[in-house]
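*Asks:* I have a structure I would like to understand better, so I am pasting it below and will then ask my questions one at a time.
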Amino acid sequence: MPVRRPRTLLAMAPELRSRLLDDATARRLREVAELDQEFVLDDFGGPAAAQALAEAEVLLTFWGAPTVDARALAAAPRLKAVVHAAGSVKQLVTEACWDRGIAVSSAALANSLPVAEYTVAMVLLSNKRVMQLREEYRRFRGRRHDWHLRYGRVGNYRRTVGIVGASRIGLRVIELLRPYDLELLVHDLYLKEDQARHLGVRAVGLDELCRVSDVVSLHAPELPETRALIDRRRLALMRDGATLINTARGSLVDGAAVTDELVSGRLHGVIDVTEPEVLPADSPLYDLPNVLLTPHIAGSLGNELHRMADSAIDEIARYAAGLPFAHPVYREDLHRTA
């Protein structure tokens, strides 16, 4: 139990409050923070919001929270911390927050776990050609077939997996894949060779990674310099039958180029993020047998939201006890994070 309970204001889309905070997490939050459990802001304008902001010491934010800009800060003279119960704070925290010295925390690490788990599952299933086998088994229903003859080259033994981006998620994927009989490659401009060796991976250039990997998995942040990082030329470098996994951001891939490759059947795809976020109804990716297309669900979904809530509540407890955040966000790091 913290020494005190800081006045905490919930800022998020109101309909998401019950999804983020189940009974157990709501009870924990009441133990560490003083708050009006029913008052949830999705707009910092208006007299009711102004009164709530005037008393708030901590903002507990989630998806749908309004931007914490200079106007919001002017209405919140006691505000000392923003604790985000989700991943990126780029669309939430403004320069005004940093200028005022607001402490910022994010549950990005908690959100990275399900993405990494999803990625590992897709790596293993892709090398096993599970999607393709499922489709063929449907066509052969009721008849015996020599699957070992037709799929004698599939499997996860000594396959090469290329990780693009030694981010929180990328590092977790590496950790989870380490016990398997796989060769792990990584490309990250900020990862030094000695760090790669310590991780048990080999650092390579992106072209080489694309050229030799059986699976290429994207975990780089969305930045101007990463836009269309996987372009038509790099897609052409990938081996026939290789798999591209994108659980990062749709902008990292040239959408038209990857669609052409997947329609041709030369590559396989596990695509969880696209640009635009929802593809048009006539996109061929919905129906291709060599593509697993999912609606941005690799990250926290369902009860996994409570892990992010628990992370945020832990941070509020640390703040209340006068301890530094375990998962701080720093102004100088934002330029190279998601």
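Naming scheme: A, B, ... for chains in displayed order of the structure tokens; residues 1 onward per chain; ligands 1 onward as shown.
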Contacts of stretch 261-274 of chain A at 6 Å or less, counting only C-alpha atoms, minus same-chain residues fewer than 5 places along, as a ChimeraX atom specification?
*Replies:* /A:240-247,249-250,290-296
*Asks:* For the residues in that selection, give me N, CA, C and O atoms as a PDB file, in the first residue's frame.
*Replies:*
ATOM      1  N   ASP A 240      11.869 -17.556 -52.855  1.00  0.00           N
ATOM      2  CA  ASP A 240      10.576 -18.111 -53.230  1.00  0.00           C
ATOM      3  C   ASP A 240      10.052 -18.947 -52.063  1.00  0.00           C
ATOM      4  O   ASP A 240      10.772 -19.779 -51.507  1.00  0.00           O
ATOM      5  N   GLY A 241       8.803 -18.707 -51.683  1.00  0.00           N
ATOM      6  CA  GLY A 241       8.203 -19.460 -50.593  1.00  0.00           C
ATOM      7  C   GLY A 241       8.455 -18.896 -49.213  1.00  0.00           C
ATOM      8  O   GLY A 241       7.958 -19.440 -48.224  1.00  0.00           O
ATOM      9  N   ALA A 242       9.237 -17.798 -49.131  1.00  0.00           N
ATOM     10  CA  ALA A 242       9.487 -17.184 -47.822  1.00  0.00           C
ATOM     11  C   ALA A 242       8.216 -16.503 -47.307  1.00  0.00           C
ATOM     12  O   ALA A 242       7.276 -16.241 -48.063  1.00  0.00           O
ATOM     13  N   THR A 243       8.207 -16.234 -46.008  1.00  0.00           N
ATOM     14  CA  THR A 243       7.047 -15.616 -45.362  1.00  0.00           C
ATOM     15  C   THR A 243       7.418 -14.250 -44.815  1.00  0.00           C
ATOM     16  O   THR A 243       8.451 -14.103 -44.151  1.00  0.00           O
ATOM     17  N   LEU A 244       6.573 -13.268 -45.073  1.00  0.00           N
ATOM     18  CA  LEU A 244       6.703 -11.937 -44.476  1.00  0.00           C
ATOM     19  C   LEU A 244       5.657 -11.803 -43.377  1.00  0.00           C
ATOM     20  O   LEU A 244       4.465 -11.997 -43.622  1.00  0.00           O
ATOM     21  N   ILE A 245       6.121 -11.486 -42.162  1.00  0.00           N
ATOM     22  CA  ILE A 245       5.214 -11.245 -41.035  1.00  0.00           C
ATOM     23  C   ILE A 245       5.289  -9.771 -40.672  1.00  0.00           C
ATOM     24  O   ILE A 245       6.376  -9.238 -40.414  1.00  0.00           O
ATOM     25  N   ASN A 246       4.147  -9.105 -40.648  1.00  0.00           N
ATOM     26  CA  ASN A 246       4.121  -7.699 -40.243  1.00  0.00           C
ATOM     27  C   ASN A 246       3.132  -7.508 -39.109  1.00  0.00           C
ATOM     28  O   ASN A 246       1.913  -7.544 -39.301  1.00  0.00           O
ATOM     29  N   THR A 247       3.670  -7.343 -37.897  1.00  0.00           N
ATOM     30  CA  THR A 247       2.858  -7.000 -36.725  1.00  0.00           C
ATOM     31  C   THR A 247       3.241  -5.613 -36.216  1.00  0.00           C
ATOM     32  O   THR A 247       2.872  -5.249 -35.104  1.00  0.00           O
ATOM     33  N   ARG A 249       3.773  -1.904 -38.240  1.00  0.00           N
ATOM     34  CA  ARG A 249       2.917  -0.880 -38.822  1.00  0.00           C
ATOM     35  C   ARG A 249       2.826  -1.125 -40.321  1.00  0.00           C
ATOM     36  O   ARG A 249       3.803  -1.513 -40.966  1.00  0.00           O
ATOM     37  N   GLY A 250       1.663  -0.835 -40.884  1.00  0.00           N
ATOM     38  CA  GLY A 250       1.465  -1.047 -42.305  1.00  0.00           C
ATOM     39  C   GLY A 250       2.394  -0.223 -43.167  1.00  0.00           C
ATOM     40  O   GLY A 250       2.780  -0.642 -44.262  1.00  0.00           O
ATOM     41  N   ASN A 290      -2.453 -18.120 -49.346  1.00  0.00           N
ATOM     42  CA  ASN A 290      -1.095 -17.988 -48.801  1.00  0.00           C
ATOM     43  C   ASN A 290      -0.953 -16.785 -47.878  1.00  0.00           C
ATOM     44  O   ASN A 290       0.159 -16.400 -47.522  1.00  0.00           O
ATOM     45  N   VAL A 291      -2.071 -16.199 -47.476  1.00  0.00           N
ATOM     46  CA  VAL A 291      -2.054 -15.008 -46.615  1.00  0.00           C
ATOM     47  C   VAL A 291      -2.953 -15.225 -45.409  1.00  0.00           C
ATOM     48  O   VAL A 291      -4.106 -15.652 -45.545  1.00  0.00           O
ATOM     49  N   LEU A 292      -2.403 -14.941 -44.228  1.00  0.00           N
ATOM     50  CA  LEU A 292      -3.217 -14.847 -43.019  1.00  0.00           C
ATOM     51  C   LEU A 292      -3.350 -13.362 -42.712  1.00  0.00           C
ATOM     52  O   LEU A 292      -2.376 -12.707 -42.315  1.00  0.00           O
ATOM     53  N   LEU A 293      -4.532 -12.824 -42.924  1.00  0.00           N
ATOM     54  CA  LEU A 293      -4.800 -11.401 -42.724  1.00  0.00           C
ATOM     55  C   LEU A 293      -5.652 -11.233 -41.471  1.00  0.00           C
ATOM     56  O   LEU A 293      -6.739 -11.801 -41.377  1.00  0.00           O
ATOM     57  N   THR A 294      -5.132 -10.499 -40.487  1.00  0.00           N
ATOM     58  CA  THR A 294      -5.858 -10.284 -39.238  1.00  0.00           C
ATOM     59  C   THR A 294      -5.978  -8.781 -38.961  1.00  0.00           C
ATOM     60  O   THR A 294      -5.161  -7.980 -39.421  1.00  0.00           O
ATOM     61  N   PRO A 295      -7.007  -8.364 -38.217  1.00  0.00           N
ATOM     62  CA  PRO A 295      -7.324  -6.939 -38.056  1.00  0.00           C
ATOM     63  C   PRO A 295      -6.609  -6.273 -36.879  1.00  0.00           C
ATOM     64  O   PRO A 295      -7.248  -5.770 -35.951  1.00  0.00           O
ATOM     65  N   HIS A 296      -5.282  -6.231 -36.909  1.00  0.00           N
ATOM     66  CA  HIS A 296      -4.480  -5.545 -35.891  1.00  0.00           C
ATOM     67  C   HIS A 296      -4.812  -6.080 -34.498  1.00  0.00           C
ATOM     68  O   HIS A 296      -5.123  -5.337 -33.570  1.00  0.00           O
TER      69      HIS A 296
END
*Asks:* With only C-alpha atoms counted and 8 Å as the cut-off, give the residues of stretch 269-317 of chain A in contact with stretch 14-38 of chain A, each with its shortest interatomic distance in Å and the pair that gives it, as CSV.
*Replies:*
residue,atom,partner,partner_atom,distance
A:Gly302,CA,A:Arg19,CA,7.5
A:Leu305,CA,A:Leu20,CA,5.5
A:His306,CA,A:Leu20,CA,5.7
A:Met308,CA,A:Leu20,CA,7.9
A:Ala309,CA,A:Leu20,CA,6.1
A:Asp310,CA,A:Thr25,CA,6.5
A:Ile313,CA,A:Leu29,CA,5.9
A:Ile316,CA,A:Val32,CA,6.9
A:Ala317,CA,A:Val32,CA,5.5
*Asks:* Could you write out that same residue set with C-alpha atoms as a PDB file, in the first residue's frame?
*Replies:*
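again_38.pdb written:
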ATOM      1  CA  GLY A 302      -9.472  -9.272 -24.532  1.00  0.00           C
ATOM      2  CA  LEU A 305      -5.744  -5.488 -21.688  1.00  0.00           C
ATOM      3  CA  HIS A 306      -5.689  -6.205 -17.962  1.00  0.00           C
ATOM      4  CA  MET A 308      -1.508  -3.246 -19.369  1.00  0.00           C
ATOM      5  CA  ALA A 309      -3.861  -2.021 -16.641  1.00  0.00           C
ATOM      6  CA  ASP A 310      -1.826  -3.851 -13.998  1.00  0.00           C
ATOM      7  CA  ILE A 313      -1.416   0.606 -11.663  1.00  0.00           C
ATOM      8  CA  ILE A 316       0.938   4.757  -9.998  1.00  0.00           C
ATOM      9  CA  ALA A 317       1.824   2.819  -6.847  1.00  0.00           C
TER      10      ALA A 317
END
*Asks:* So which residues of stretch 87-315 of chain A fall under helix (DSSP H, G or I) by DSSP, listed as number ranges by chain?
*Replies:* A: 95-100, 108-127, 130-139, 147-150, 168-177, 193-199, 206-212, 224-226, 232-237, 250-252, 255-264, 284-286, 302-315
*Asks:* So that I can check the surroundings of A:Val216, please list as a count of residues only every protein, DNA and RNA residue that reaches within 12 Å of it, counting only C-alpha atoms and ignoring chain neighbours fewer than 5 positions away.
*Replies:* 43
*Asks:* Which residues are near A:Pro179? Cut-off 12 Å, only C-alpha atoms, ignore same chain within fewer than 3 positions. Put them as a list of chain:residue names.
*Replies:*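 Selected residues are A:Val120, A:Asn156, A:Tyr157, A:Arg158, A:Val173, A:Ile174, A:Glu175, A:Leu176, A:Leu182, A:Glu183, A:Leu184, A:Gly200.
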*Asks:* Could you tell me, as a ChimeraX atom specification, which residues of stretch 62-181 of chain A DSSP assigns to strand (DSSP E or B) when given the backbone?
*Replies:* /A:68,81-84,93,103-106,159-164
*Asks:* Those residues with N, CA, C and O atoms, as a PDB file, in the first residue's frame please?
*Replies:*
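Saved result, result_33.pdb, follows:
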ATOM      1  N   VAL A  68      -2.720  15.572 -24.451  1.00  0.00           N
ATOM      2  CA  VAL A  68      -2.348  16.390 -23.293  1.00  0.00           C
ATOM      3  C   VAL A  68      -1.495  17.545 -23.811  1.00  0.00           C
ATOM      4  O   VAL A  68      -0.263  17.487 -23.852  1.00  0.00           O
ATOM      5  N   ALA A  81       2.109  13.687 -13.482  1.00  0.00           N
ATOM      6  CA  ALA A  81       2.462  12.463 -14.195  1.00  0.00           C
ATOM      7  C   ALA A  81       1.342  12.023 -15.131  1.00  0.00           C
ATOM      8  O   ALA A  81       0.155  12.202 -14.839  1.00  0.00           O
ATOM      9  N   VAL A  82       1.754  11.444 -16.253  1.00  0.00           N
ATOM     10  CA  VAL A  82       0.838  10.786 -17.192  1.00  0.00           C
ATOM     11  C   VAL A  82       1.257   9.327 -17.265  1.00  0.00           C
ATOM     12  O   VAL A  82       2.392   9.011 -17.633  1.00  0.00           O
ATOM     13  N   VAL A  83       0.340   8.433 -16.894  1.00  0.00           N
ATOM     14  CA  VAL A  83       0.598   6.995 -16.932  1.00  0.00           C
ATOM     15  C   VAL A  83      -0.306   6.403 -18.011  1.00  0.00           C
ATOM     16  O   VAL A  83      -1.533   6.382 -17.861  1.00  0.00           O
ATOM     17  N   HIS A  84       0.309   5.951 -19.090  1.00  0.00           N
ATOM     18  CA  HIS A  84      -0.452   5.465 -20.242  1.00  0.00           C
ATOM     19  C   HIS A  84      -0.560   3.948 -20.171  1.00  0.00           C
ATOM     20  O   HIS A  84       0.452   3.242 -20.193  1.00  0.00           O
ATOM     21  N   VAL A  93       1.208  12.639 -25.734  1.00  0.00           N
ATOM     22  CA  VAL A  93       2.051  13.585 -25.007  1.00  0.00           C
ATOM     23  C   VAL A  93       2.643  14.600 -25.979  1.00  0.00           C
ATOM     24  O   VAL A  93       3.165  14.231 -27.033  1.00  0.00           O
ATOM     25  N   ALA A 103       6.184  13.731 -15.676  1.00  0.00           N
ATOM     26  CA  ALA A 103       6.735  12.375 -15.763  1.00  0.00           C
ATOM     27  C   ALA A 103       5.773  11.514 -16.580  1.00  0.00           C
ATOM     28  O   ALA A 103       4.555  11.568 -16.374  1.00  0.00           O
ATOM     29  N   VAL A 104       6.321  10.736 -17.490  1.00  0.00           N
ATOM     30  CA  VAL A 104       5.489   9.931 -18.395  1.00  0.00           C
ATOM     31  C   VAL A 104       5.896   8.465 -18.301  1.00  0.00           C
ATOM     32  O   VAL A 104       7.092   8.135 -18.291  1.00  0.00           O
ATOM     33  N   SER A 105       4.896   7.600 -18.248  1.00  0.00           N
ATOM     34  CA  SER A 105       5.127   6.157 -18.246  1.00  0.00           C
ATOM     35  C   SER A 105       4.221   5.516 -19.279  1.00  0.00           C
ATOM     36  O   SER A 105       3.144   6.031 -19.590  1.00  0.00           O
ATOM     37  N   SER A 106       4.654   4.386 -19.805  1.00  0.00           N
ATOM     38  CA  SER A 106       3.877   3.663 -20.809  1.00  0.00           C
ATOM     39  C   SER A 106       3.867   2.180 -20.486  1.00  0.00           C
ATOM     40  O   SER A 106       4.826   1.641 -19.935  1.00  0.00           O
ATOM     41  N   ARG A 159      15.836 -23.546 -39.880  1.00  0.00           N
ATOM     42  CA  ARG A 159      15.336 -22.453 -40.713  1.00  0.00           C
ATOM     43  C   ARG A 159      15.973 -21.147 -40.253  1.00  0.00           C
ATOM     44  O   ARG A 159      16.427 -21.012 -39.106  1.00  0.00           O
ATOM     45  N   THR A 160      15.960 -20.166 -41.151  1.00  0.00           N
ATOM     46  CA  THR A 160      16.525 -18.854 -40.843  1.00  0.00           C
ATOM     47  C   THR A 160      15.396 -17.854 -40.680  1.00  0.00           C
ATOM     48  O   THR A 160      14.541 -17.709 -41.567  1.00  0.00           O
ATOM     49  N   VAL A 161      15.382 -17.181 -39.532  1.00  0.00           N
ATOM     50  CA  VAL A 161      14.362 -16.169 -39.239  1.00  0.00           C
ATOM     51  C   VAL A 161      15.049 -14.827 -39.094  1.00  0.00           C
ATOM     52  O   VAL A 161      15.989 -14.674 -38.305  1.00  0.00           O
ATOM     53  N   GLY A 162      14.586 -13.851 -39.868  1.00  0.00           N
ATOM     54  CA  GLY A 162      15.151 -12.511 -39.823  1.00  0.00           C
ATOM     55  C   GLY A 162      14.250 -11.561 -39.072  1.00  0.00           C
ATOM     56  O   GLY A 162      13.071 -11.411 -39.406  1.00  0.00           O
ATOM     57  N   ILE A 163      14.799 -10.928 -38.036  1.00  0.00           N
ATOM     58  CA  ILE A 163      14.057  -9.979 -37.208  1.00  0.00           C
ATOM     59  C   ILE A 163      14.480  -8.567 -37.615  1.00  0.00           C
ATOM     60  O   ILE A 163      15.658  -8.207 -37.497  1.00  0.00           O
ATOM     61  N   VAL A 164      13.538  -7.769 -38.079  1.00  0.00           N
ATOM     62  CA  VAL A 164      13.826  -6.400 -38.484  1.00  0.00           C
ATOM     63  C   VAL A 164      13.400  -5.472 -37.355  1.00  0.00           C
ATOM     64  O   VAL A 164      12.216  -5.208 -37.160  1.00  0.00           O
TER      65      VAL A 164
END
*Asks:* Could you name the residues that touch A:Ser88 at 9 Å or less, counting only C-alpha atoms, but leaving out those on the same chain fewer than 2 positions away, as a list of chain:residue names?
*Replies:*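 With the cut-off at 9 Å, the set is A:His84, A:Ala86, A:Lys90, A:Gln91, A:Leu92, A:Ser106, A:Ala107, A:Ala108, A:Thr337, A:Ala338.
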